[in-house]
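**Student:** I have a structure here, written as structure tokens, and I will follow up with some questions on it.
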2 protein chains.
Amino acid sequence: MNEMTMERQAETVSPTYGVVDCDIHPAFSERSELARYLPARWQEHLRDFGLRTGNPFAGSMPYPRLTPGNGMRRDAWPPSGGPPASDLAFLQEQLLDPLNIEFGLLQPLAAGSSVFNQQFGRALCTAINDWQIDKWLSKEPRLRGAICVPQEDVEGALAEIERRASDRRFVQIAIPPRALEPAGRQRYWPIYEAAAHHGLPIGMHSAAYGSRANTGAGWTSFYIEEHYAFSNAAQTALTSMIFEGAFERYPGLKLVLVEGGFAWLPPLMWRMDREWTRMRNEVPHLTRAPSSYVGSNVWLTTQPIEEPENNRHLYDLLRWIGAGRLMFSTDYPHWDFDHPEHAFKVPLSPQDRRAIVRDNAISLFRLNAEAKARA
Amino acid sequence: MNEMTMERQAETVSPTYGVVDCDIHPAFSERSELARYLPARWQEHLRDFGLRTGNPFAGSMPYPRLTPGNGMRRDAWPPSGGPPASDLAFLQEQLLDPLNIEFGLLQPLAAGSSVFNQQFGRALCTAINDWQIDKWLSKEPRLRGAICVPQEDVEGALAEIERRASDRRFVQIAIPPRALEPAGRQRYWPIYEAAAHHGLPIGMHSAAYGSRANTGAGWTSFYIEEHYAFSNAAQTALTSMIFEGAFERYPGLKLVLVEGGFAWLPPLMWRMDREWTRMRNEVPHLTRAPSSYVGSNVWLTTQPIEEPENNRHLYDLLRWIGAGRLMFSTDYPHWDFDHPEHAFKVPLSPQDRRAIVRDNAISLFRLNAEAKARA
């Protein structure tokens, strides 16, 4: 099949099945919206001290204003007013209905997990989770929530997981990959143990929030570097969780790397395995090759999909990773939105396309029963 | 050509030309050896205070003792005593002669550029450079030095460059990629200006030394993670130098990324270009696509070469990068040594192999005249 034929085929596929979107960013209609979900003590704190975090984006939009629509899709501003993705009716009309979204997974980008005041962070996470139920999950059966937890305050994180885990509208636990320590350190294991116990994947959204800068050299000058370095934060978290033995200790632990790209994965797997072959004595708690944990415990969302000049190159990488590890995401309503019909400029087989766009997520997040009940 | 044929062909090529080895680590015969090159004031300081650096490896071997030969090739311990690569005669006998090394580039891994006391760092760099001349460059015409400079102390770095630049036995300027700030920041530009002015490439050796940890999450638990994350430090430095505009300001500036791998480069280039297409307003000082600076100003050494299960995958990546950007290196005397006959388990064309193993380095480091004079 030549290049032209491949592209035409990829664009003209019009699937009859639904889409699972693994990365939707719900927004507050106004700054005071979250405050209403906080106890009075923390409402006052927020009013008097604001959000103190190491993240330069906190309190302002994490996306540059020079990108289309102030960091948002230009057409995503709801006619009702308020920022993009703050109005359910418009989200339904613009995203869920036309794209045939069967399930849409919320990824709230609020600062609960990275404020310096950990008690405040705990209260913020509880508020964000209450807000998800109240504004989204209780009103739209296609949406699914992420349990936001204060990851540095493990006790608080566990309390929040226990509070939500029985509510099947929450399908994952959200923590940022940029923690105070590498994400595989044992201080975080109680969170992973709870996640495995409840069958809830850990969703690590690489962008925007976290206790640390993305790079070993600290904060970079440009958003364009920050945006690239999402993938480095994802790699740091992934390698740490593998080598510290988190997947070995909790075989049921599932990790989803969201918005960190995926083309970097094959070289990383080769390198980890090469080193492990020679230095496995350092990590005797691993019983198998590092890359094999990727194959059993790790998934990646597709957006922002890498775009080489020659699409064949991406196609090769995608095959090396395997379609079983990838899950489609739009990143709605952000400027670098991916559309399920146009994101894949590579010749996916119908089986692989369906796995990426729907089936992998249905299975990982245990949405089968609900999908069937609705059909 | 099938996989078997390819591998056999790659292994049976026996080139008639010399090899340029871009990464040899010379060692002190004993701990006091460097001290002798320091002024009395700093000899006393070293004796009384030692080396204070953020690097956990300083003062001990940066390689694990569990790898073959205590982090060294088992057979690299010289019969004369002392650590591997501390004895010129044995280096000649074990490396330069049998591998037909036409030029061998020294990469001293000493702590001059990362000690906290910057005045001490300046003195250490001068001592390391004097030691290179005295012990190696003045005694073996195949060896070439790297001007070690105290990168955080830019004035000291410039003084050291001026002191050595006219000595053609030094062919590059060595700084670690892990600086206190991202490597592209303007505070470091005087070093890059001097490098471009003198036609000396900047050699960034990813391993072992630097002011910072490799990852945004700080120091990782295991050497095996540290070793992988060399490539993240290299990526942080490279993207920072591109986006800050260092190559735009100094078109003659050449950067060599040493021991950071290379298979990660194509996905990085795709991603940088995709983002630049959308956000070039943030970096209006760039006149062309980010990846194009790689094509004009950046080289990478091959060791530690990535080793996928299927060599074809590495072959694909290597073709996407282009043989013109890669230069062979052994990393002698370290445990993860690459041999020029066996490192490339991919079917390189004779032209590409020669470019990687010899010609790219001959041209970049301007070794032509000397190569001719000797022939």
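Letters A, B, ... mark the chains of the structure tokens in the order given; residue numbers begin at 1 per chain; ligand numbers begin at 1, in order shown.
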Quick check: residues of chain A within 7 Å of chain B, only C-alpha atoms, returned as a VMD selection string.
**Tutor:** chain A and resid 67 178 to 182 212 to 218 220 224 to 225 228 232 to 233 236 239 263 to 264 267 270 to 272 274 to 275 278 to 279 306 to 308
**Student:** Given the selection you just returned, output its residues as a file containing N, CA and C atoms, formatted as a short mmCIF file (atom, residue, chain, number, x, y, z; two decimals), in the first residue's frame.
**Tutor:**
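This went into again.cif:
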data_model
loop_
_atom_site.label_atom_id
_atom_site.label_comp_id
_atom_site.auth_asym_id
_atom_site.auth_seq_id
_atom_site.Cartn_x
_atom_site.Cartn_y
_atom_site.Cartn_z
N THR A 67 -1.83 30.56 22.01
CA THR A 67 -2.37 29.44 21.24
C THR A 67 -3.84 29.76 20.98
N ARG A 178 4.83 14.36 38.85
CA ARG A 178 5.93 15.14 39.42
C ARG A 178 5.74 15.29 40.92
N ALA A 179 6.12 14.26 41.66
CA ALA A 179 5.98 14.27 43.11
C ALA A 179 7.27 14.82 43.73
N LEU A 180 7.26 14.96 45.05
CA LEU A 180 8.46 15.45 45.73
C LEU A 180 9.60 14.45 45.62
N GLU A 181 9.25 13.17 45.53
CA GLU A 181 10.27 12.15 45.32
C GLU A 181 9.88 11.35 44.08
N PRO A 182 10.82 10.59 43.51
CA PRO A 182 10.46 9.76 42.37
C PRO A 182 9.24 8.91 42.71
N ARG A 212 7.04 19.49 41.50
CA ARG A 212 8.39 19.74 41.01
C ARG A 212 8.35 20.22 39.56
N ALA A 213 9.49 20.74 39.10
CA ALA A 213 9.66 21.03 37.68
C ALA A 213 9.79 19.72 36.92
N ASN A 214 9.58 19.78 35.62
CA ASN A 214 9.71 18.58 34.80
C ASN A 214 11.14 18.11 34.66
N THR A 215 12.09 19.04 34.63
CA THR A 215 13.45 18.66 34.26
C THR A 215 14.37 18.66 35.46
N GLY A 216 15.47 17.95 35.32
CA GLY A 216 16.49 17.94 36.35
C GLY A 216 17.16 19.29 36.49
N ALA A 217 17.02 20.15 35.51
CA ALA A 217 17.63 21.48 35.55
C ALA A 217 16.63 22.52 36.07
N GLY A 218 15.50 22.07 36.59
CA GLY A 218 14.52 23.01 37.14
C GLY A 218 13.57 23.52 36.07
N THR A 220 12.12 25.47 33.04
CA THR A 220 12.67 25.96 31.78
C THR A 220 12.01 27.30 31.43
N ILE A 224 6.97 26.03 25.59
CA ILE A 224 7.23 25.05 24.53
C ILE A 224 8.18 23.95 25.03
N GLU A 225 9.09 24.31 25.93
CA GLU A 225 9.97 23.30 26.53
C GLU A 225 9.20 22.50 27.58
N TYR A 228 7.12 19.95 25.93
CA TYR A 228 7.90 18.79 25.50
C TYR A 228 8.24 17.91 26.69
N ASN A 232 9.33 13.70 29.73
CA ASN A 232 10.40 13.35 30.65
C ASN A 232 9.85 13.04 32.04
N ALA A 233 8.86 13.83 32.47
CA ALA A 233 8.25 13.56 33.78
C ALA A 233 7.60 12.18 33.77
N THR A 236 10.34 9.55 34.06
CA THR A 236 10.90 9.49 35.41
C THR A 236 9.97 8.69 36.32
N THR A 239 9.90 4.80 35.13
CA THR A 239 11.10 4.02 35.46
C THR A 239 11.22 3.83 36.97
N ALA A 263 5.81 8.04 21.80
CA ALA A 263 6.85 7.60 20.85
C ALA A 263 8.19 7.36 21.54
N TRP A 264 8.37 7.95 22.72
CA TRP A 264 9.63 7.77 23.46
C TRP A 264 9.71 6.39 24.12
N PRO A 267 12.48 3.21 22.74
CA PRO A 267 13.89 3.36 23.15
C PRO A 267 14.07 3.22 24.67
N TRP A 270 14.05 -0.53 25.50
CA TRP A 270 15.30 -1.18 25.09
C TRP A 270 16.40 -0.89 26.12
N ARG A 271 16.44 0.39 26.52
CA ARG A 271 17.52 0.80 27.40
C ARG A 271 17.38 0.17 28.79
N MET A 272 16.17 0.18 29.29
CA MET A 272 15.96 -0.43 30.61
C MET A 272 16.37 -1.90 30.59
N ARG A 274 18.42 -3.47 28.49
CA ARG A 274 19.87 -3.63 28.33
C ARG A 274 20.57 -3.46 29.67
N GLU A 275 20.17 -2.45 30.42
CA GLU A 275 20.84 -2.19 31.69
C GLU A 275 20.51 -3.27 32.72
N ARG A 278 22.57 -6.34 32.58
CA ARG A 278 23.90 -6.22 33.15
C ARG A 278 23.91 -5.92 34.64
N MET A 279 22.86 -5.27 35.13
CA MET A 279 22.91 -4.78 36.51
C MET A 279 21.75 -5.25 37.36
N GLU A 306 2.48 12.21 18.54
CA GLU A 306 3.66 12.69 17.84
C GLU A 306 3.39 12.74 16.33
N GLU A 307 3.97 13.71 15.64
CA GLU A 307 3.71 13.87 14.22
C GLU A 307 5.01 14.00 13.44
N PRO A 308 5.62 12.88 13.08
CA PRO A 308 6.83 12.97 12.27
C PRO A 308 6.50 13.44 10.86
#
**Student:** Need to verify the contact set: Ser80 (chain B), 10 Å, only C-alpha atoms, exclusion of same-chain residues closer than 2 positions in sequence. Can you return it as a PyMOL selection string?
**Tutor:** chain B and resi 29+77-78+82-83+86-87+89-90
**Student:** Once chain A is fitted onto chain B over all Cα atoms in order, please give the RMSD.
**Tutor:** 0.0 Å
**Student:** Write out as a ChimeraX atom specification the set of residues from region 231-353 of chain A that DSSP, computed on the backbone, places in helix (DSSP H, G or I).
**Tutor:** /A:231-243,246-249,265-282,290-297,311-321,323-325,350-353
**Student:** Could you please determine the separation between CA of His334 (chain B) and CA of Glu140 (chain B) in Å, to one decimal place?
**Tutor:** 20.8 Å
**Student:** What's the separation between CA of Thr53 (chain A) and CA of Trp136 (chain A), in Å to one decimal place?
**Tutor:**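 Value for the CA of Thr53 (chain A)-CA of Trp136 (chain A) distance: 26.5 Å.
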**Student:** Do you know which residues are at most 9 Å from Thr301 (chain A) counting only C-alpha atoms, after dropping those on the same chain fewer than 5 positions away, and could you put them as an NGL selection string?
**Tutor:** :A and (22-23 or 256-262 or 325-329 or 356)
**Student:** CA of His198 (chain B) and CA of Trp299 (chain B) are how many Å apart?
**Tutor:**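 Interatomic distance, CA of His198 (chain B) to CA of Trp299 (chain B): 17.9 Å.
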